file structure-v1.txt (compact mmCIF, C-alpha atoms and all ligand atoms)
# COMPACT_ATOMS: atom_id res chain seq x y z
CA MET A 1 71.87 39.61 -57.34
CA SER A 2 71.84 40.52 -61.00
CA ASP A 3 74.70 39.42 -63.19
CA ARG A 4 77.10 42.31 -63.65
CA ARG A 5 79.26 40.85 -66.40
CA PHE A 6 77.48 42.41 -69.39
CA CYS A 7 75.42 45.60 -69.71
CA PRO A 8 71.85 44.53 -70.58
CA TRP A 9 71.43 47.68 -72.71
CA CYS A 10 74.55 47.86 -74.88
CA GLY A 11 76.11 44.46 -74.16
CA THR A 12 79.49 45.89 -73.13
CA ASP A 13 81.69 43.58 -71.08
CA GLN A 14 81.88 45.27 -67.69
CA ARG A 15 85.09 43.56 -66.58
CA GLY A 16 87.89 45.90 -65.58
CA ARG A 17 91.51 45.03 -64.95
CA ASP A 18 92.68 41.74 -63.45
CA LEU A 19 93.25 41.53 -59.73
CA THR A 20 96.96 41.22 -58.93
CA ASP A 21 98.18 38.02 -57.24
CA GLU A 22 98.53 40.02 -54.04
CA GLU A 23 94.96 41.28 -54.25
CA ARG A 24 93.66 37.74 -54.89
CA ALA A 25 95.67 36.35 -51.99
CA SER A 26 94.22 38.97 -49.64
CA GLY A 27 90.80 37.38 -50.06
CA ALA A 28 89.16 40.79 -49.85
CA TRP A 29 87.43 40.25 -53.21
CA GLY A 30 86.44 36.60 -52.68
CA ASN A 31 86.84 34.49 -55.83
CA THR A 32 86.66 37.53 -58.13
CA THR A 33 89.33 37.63 -60.82
CA HIS A 34 88.61 41.08 -62.30
CA PHE A 35 87.48 44.45 -61.06
CA SER A 36 84.21 45.71 -62.51
CA ASN A 37 83.69 48.93 -64.45
CA THR A 38 80.01 48.96 -63.53
CA ILE A 39 79.01 51.99 -61.48
CA GLY A 40 77.05 51.42 -58.30
CA VAL A 41 74.64 54.37 -58.20
CA GLU A 42 73.74 55.81 -54.83
CA ILE A 43 70.74 58.14 -54.64
CA ARG A 44 71.02 60.29 -51.54
CA GLY A 45 67.92 60.15 -49.39
CA VAL A 46 66.79 56.87 -50.94
CA TYR A 47 69.54 54.45 -49.87
CA ASP A 48 73.05 54.92 -48.46
CA GLY A 49 74.81 52.49 -50.76
CA ALA A 50 74.63 51.20 -54.33
CA LEU A 51 70.91 51.15 -55.16
CA PHE A 52 71.38 49.84 -58.70
CA TRP A 53 74.02 49.34 -61.39
CA ARG A 54 74.83 51.72 -64.21
CA CYS A 55 76.86 51.11 -67.37
CA PRO A 56 79.67 53.69 -67.74
CA GLY A 57 79.47 53.29 -71.52
CA CYS A 58 75.83 53.84 -72.44
CA GLY A 59 74.30 55.10 -69.18
CA GLY A 60 71.72 52.32 -69.06
CA SER A 61 70.94 50.96 -65.61
CA TRP A 62 69.74 47.70 -64.12
CA HIS A 63 68.77 46.17 -60.81
CA ARG A 64 71.20 45.23 -58.10
CA TRP A 65 68.62 43.82 -55.70
CA PRO A 66 66.42 40.73 -56.33
CA ALA A 67 62.78 41.26 -57.31
CA ASN A 68 61.35 40.54 -53.85
CA HIS A 69 63.74 42.93 -52.05
CA PRO A 70 62.41 46.30 -50.71
CA LEU A 71 65.34 48.12 -52.37
CA HIS A 72 64.35 46.61 -55.72
CA VAL A 73 61.02 48.44 -55.38
CA LYS A 74 62.81 51.70 -54.48
CA ALA A 75 65.22 51.31 -57.40
CA ASP A 76 62.51 50.51 -59.91
CA GLN A 77 61.77 54.11 -60.95
CA PHE A 78 65.47 54.76 -61.75
CA VAL A 79 66.28 51.57 -63.62
CA GLY A 80 65.97 51.28 -67.36
CA ALA A 81 67.23 52.46 -70.73
CA PRO A 82 69.93 55.19 -70.79
CA SER A 83 67.39 58.05 -70.69
CA ALA A 84 65.28 56.61 -67.85
CA LEU A 85 67.71 57.35 -65.02
CA GLN A 86 68.09 61.01 -65.95
CA GLN A 87 64.34 61.60 -66.17
CA ALA A 88 63.57 59.74 -62.94
CA THR A 89 66.34 61.57 -61.10
CA VAL A 90 65.06 64.97 -62.19
CA GLU A 91 61.55 64.04 -61.04
CA TRP A 92 62.87 62.74 -57.73
CA ILE A 93 64.93 65.89 -57.10
CA ALA A 94 61.94 68.10 -58.02
CA ALA A 95 59.82 66.24 -55.47
CA ASN A 96 62.61 66.21 -52.83
CA PRO A 97 64.52 69.47 -53.38
CA PRO A 98 67.86 69.63 -51.60
CA THR A 99 68.10 72.38 -49.00
CA TYR A 100 70.58 73.78 -46.56
CA ARG A 101 68.53 72.04 -43.87
CA PHE A 102 68.06 75.08 -41.66
CA GLU A 103 65.60 74.01 -39.04
CA PRO A 104 62.48 76.15 -38.57
CA SER A 105 63.02 76.55 -34.84
CA LEU A 106 66.42 76.58 -33.21
CA PRO A 107 66.83 75.20 -29.70
CA ASP A 108 67.36 77.58 -26.76
CA ASP A 109 70.57 75.89 -25.68
CA PRO A 110 73.52 77.85 -27.17
CA GLY A 111 75.68 74.70 -27.06
CA GLU A 112 73.14 72.84 -29.18
CA ILE A 113 72.90 75.73 -31.66
CA ARG A 114 76.69 75.78 -31.95
CA ARG A 115 76.77 72.01 -32.46
CA ARG A 116 74.20 72.19 -35.27
CA LEU A 117 76.05 75.05 -36.95
CA GLU A 118 79.28 73.04 -36.81
CA VAL A 119 77.54 70.09 -38.48
CA LEU A 120 76.09 72.42 -41.12
CA ASN A 121 79.44 74.12 -41.79
CA ALA A 122 81.17 70.74 -42.06
CA GLU A 123 78.55 69.58 -44.58
CA LEU A 124 78.97 72.75 -46.65
CA ALA A 125 82.78 72.53 -46.52
CA ALA A 126 82.68 68.89 -47.66
CA ARG A 127 80.27 69.59 -50.50
CA THR A 128 81.71 69.31 -54.00
CA ARG A 129 82.00 72.64 -55.84
CA VAL A 130 81.04 72.94 -59.49
CA GLU A 131 81.80 75.98 -61.63
CA ILE A 132 78.84 76.85 -63.85
CA ASP A 133 77.82 79.46 -66.38
CA PRO A 134 74.41 80.80 -65.19
CA ASN A 135 73.59 81.67 -68.82
CA VAL A 136 73.67 78.01 -69.83
CA ARG A 137 70.17 76.61 -69.30
CA VAL A 138 69.29 73.17 -70.58
CA ARG A 139 66.41 70.78 -69.93
CA GLY A 140 64.34 73.48 -68.25
CA ASN A 141 65.90 74.34 -64.89
CA GLN A 142 69.18 72.55 -65.43
CA THR A 143 72.64 73.53 -66.54
CA ARG A 144 75.49 71.57 -68.03
CA THR A 145 79.20 71.85 -67.45
CA GLY A 146 82.42 69.99 -68.21
CA MET A 147 83.86 67.43 -65.80
CA ARG A 148 86.98 69.61 -65.46
CA TYR A 149 84.86 72.24 -63.66
CA VAL A 150 83.82 69.72 -61.00
CA HIS A 151 86.01 69.97 -57.90
CA GLY A 152 85.42 66.88 -55.78
CA PRO A 153 83.58 63.59 -55.94
CA ILE A 154 80.05 63.42 -57.38
CA ALA A 155 77.26 60.90 -57.74
CA VAL A 156 73.82 61.25 -59.31
CA GLY A 157 71.53 62.85 -56.74
CA ASP A 158 74.35 64.54 -54.79
CA THR A 159 73.83 68.09 -53.62
CA VAL A 160 76.67 70.32 -54.83
CA THR A 161 77.67 73.94 -54.41
CA VAL A 162 77.52 75.77 -57.75
CA TYR A 163 79.51 78.94 -58.31
CA GLU A 164 80.43 81.51 -60.91
CA PRO A 165 83.84 83.05 -60.14
CA GLU A 166 83.67 86.32 -62.12
CA ALA A 167 80.60 87.73 -60.37
CA ASP A 168 81.41 85.65 -57.26
CA LEU A 169 77.98 83.98 -57.28
CA GLU A 170 77.23 80.89 -55.24
CA GLY A 171 74.25 78.62 -54.73
CA TYR A 172 73.36 74.96 -54.74
CA GLY A 173 72.07 72.27 -57.04
CA ALA A 174 72.00 68.51 -57.51
CA ILE A 175 73.68 66.21 -60.02
CA THR A 176 71.14 64.68 -62.43
CA GLU A 177 73.40 62.99 -64.96
CA ILE A 178 77.08 62.22 -65.49
CA ASP A 179 78.33 61.38 -68.98
CA TYR A 180 81.77 59.84 -68.55
CA ASN A 181 82.36 59.52 -72.29
CA LYS A 182 81.64 63.15 -73.13
CA GLN A 183 83.03 64.33 -69.76
CA LEU A 184 79.86 66.33 -69.09
CA VAL A 185 77.74 66.78 -66.00
CA TRP A 186 74.10 67.92 -65.82
CA ILE A 187 72.96 69.79 -62.73
CA TRP A 188 69.54 70.80 -61.46
CA VAL A 189 70.12 74.26 -60.00
CA ASN A 190 68.07 76.14 -57.45
CA TRP A 191 68.55 79.41 -59.36
CA ALA A 192 66.99 81.45 -56.51
CA SER A 193 69.86 80.30 -54.29
CA VAL A 194 72.52 81.59 -56.71
CA GLN A 195 73.50 84.88 -55.05
CA PRO A 196 76.59 87.03 -54.54
CA ARG A 197 78.72 85.25 -51.94
CA GLY A 198 78.42 86.45 -48.38
CA GLU A 199 74.72 87.27 -48.65
CA SER A 200 72.14 85.17 -46.85
CA HIS A 201 70.86 82.10 -48.63
CA GLY A 202 67.60 82.24 -46.69
ZN ZN A 301 75.71 49.80 -71.56

call {"tool": "encode", "arguments": {"input": "structure-v1.txt", "output": "structure tokens"}}
result
Amino acid sequence: MSDRRFCPWCGTDQRGRDLTDEERASGAWGNTTHFSNTIGVEIRGVYDGALFWRCPGCGGSWHRWPANHPLHVKADQFVGAPSALQQATVEWIAANPPTYRFEPSLPDDPGEIRRRLEVLNAELAARTRVEIDPNVRVRGNQTRTGMRYVHGPIAVGDTVTVYEPEADLEGYGAITEIDYNKQLVWIWVNWASVQPRGESHG
């Protein structure tokens, strides 16, 4: 495991607040004396868990897994200087575009169809909603919005529902970068999916 105490890019001490006596006594955090501010970045579809570490200050990232570990290889493309994660994430999303996961052929069994629709509806209901301005286009196909327009939890690589309340437009995109200092979020948007609500998303 890599040392998490200092960011290798900006040198910031990553220690957060002290554990309380009660928290130490619980043993849940082992011999740890402080919480860490380091962000464990999960990339959906690559690994269900923290794939690598990210500094909340500068955005630089570094390895969580040792060099001979399979997840180290998977994390390699995302780890690096502050700009590397954003670029790698955009490339990964472009190669693995998020979808609504409609299956090409539905089963004959009505019970199975209903079950799949329930799963799909639950996924859509749980998806974080982000208010965007469709006129704001940055970095090619992306948009940018303030953290206060994000309604729910987000991580880099997450699929989110994007919407524009005035024209009642809705579609989907994926988080490509989160800047905690500037309170800004960058989103790759499937602009073709951004349609008046209630119409088919195809
Ligand atoms: Zn840093």

call {"tool": "residues_near_ligand", "arguments": {"input": "structure-v1.txt", "ligand": "ligand ZN 301 (chain A)", "cutoff": "12 Å", "atoms": "only C-alpha atoms and all ligand atoms", "output": "count of residues only"}}
result
29

call {"tool": "residues_around", "arguments": {"input": "structure-v1.txt", "residues": "stretch 137-143 of chain A", "least_positions_apart": "3", "cutoff": "6 Å", "atoms": "all atoms listed in the file", "output": "list in words"}}
result
Trp186, Ile187, Trp188 and Val189 of chain A

call {"tool": "closest_residue", "arguments": {"input": "structure-v1.txt", "among": "A:Thr161, A:Leu51, A:Ile93, A:Gly173", "to": "A:Pro70", "atoms": "only C-alpha atoms"}}
result
A:Leu51

call {"tool": "atom_distance", "arguments": {"input": "structure-v1.txt", "atom1": "atom CA of A:Thr145", "atom2": "atom CA of A:Gly49"}}
result
25.9 Å

call {"tool": "closest_residue", "arguments": {"input": "structure-v1.txt", "among": "A:Asp18, A:Asp48, A:Glu131, A:Glu42", "to": "A:Ala167", "atoms": "all atoms listed in the file"}}
result
A:Glu131

call {"tool": "atom_distance", "arguments": {"input": "structure-v1.txt", "atom1": "atom CA of A:Val156", "atom2": "atom CA of A:Gln195"}}
result
24.0 Å

call {"tool": "atom_distance", "arguments": {"input": "structure-v1.txt", "atom1": "atom CA of A:Tyr47", "atom2": "atom CA of A:Ala94"}}
result
17.6 Å

call {"tool": "residues_around", "arguments": {"input": "structure-v1.txt", "residues": "A:Leu19", "least_positions_apart": "4", "cutoff": "6 Å", "atoms": "all atoms listed in the file", "output": "list in words"}}
result
Glu23, Thr33 and His34 of chain A

call {"tool": "write_last_selection", "arguments": {"input": "structure-v1.txt", "atoms": "C-alpha atoms", "output": "PDB file, in the coordinates of the input"}}
result
ATOM      1  CA  GLU A  23      94.960  41.280 -54.250  1.00  0.00           C
ATOM      2  CA  THR A  33      89.330  37.630 -60.820  1.00  0.00           C
ATOM      3  CA  HIS A  34      88.610  41.080 -62.300  1.00  0.00           C
TER       4      HIS A  34
END

call {"tool": "closest_residue", "arguments": {"input": "structure-v1.txt", "among": "A:His63, A:Lys74, A:Arg15, A:Arg197", "to": "A:Trp92", "atoms": "all atoms listed in the file"}}
result
A:Lys74

call {"tool": "closest_residue", "arguments": {"input": "structure-v1.txt", "among": "A:Asp76, A:Ala155, A:Asp108, A:Trp191", "to": "A:Ile132", "atoms": "only C-alpha atoms"}}
result
A:Trp191

call {"tool": "closest_residue", "arguments": {"input": "structure-v1.txt", "among": "A:Ala95, A:Leu169, A:Ala125, A:Met147", "to": "A:Lys182", "atoms": "only C-alpha atoms"}}
result
A:Met147

call {"tool": "closest_residue", "arguments": {"input": "structure-v1.txt", "among": "A:Arg127, A:Pro134, A:Glu164, A:Arg44", "to": "A:Gly152", "atoms": "all atoms listed in the file"}}
result
A:Arg127
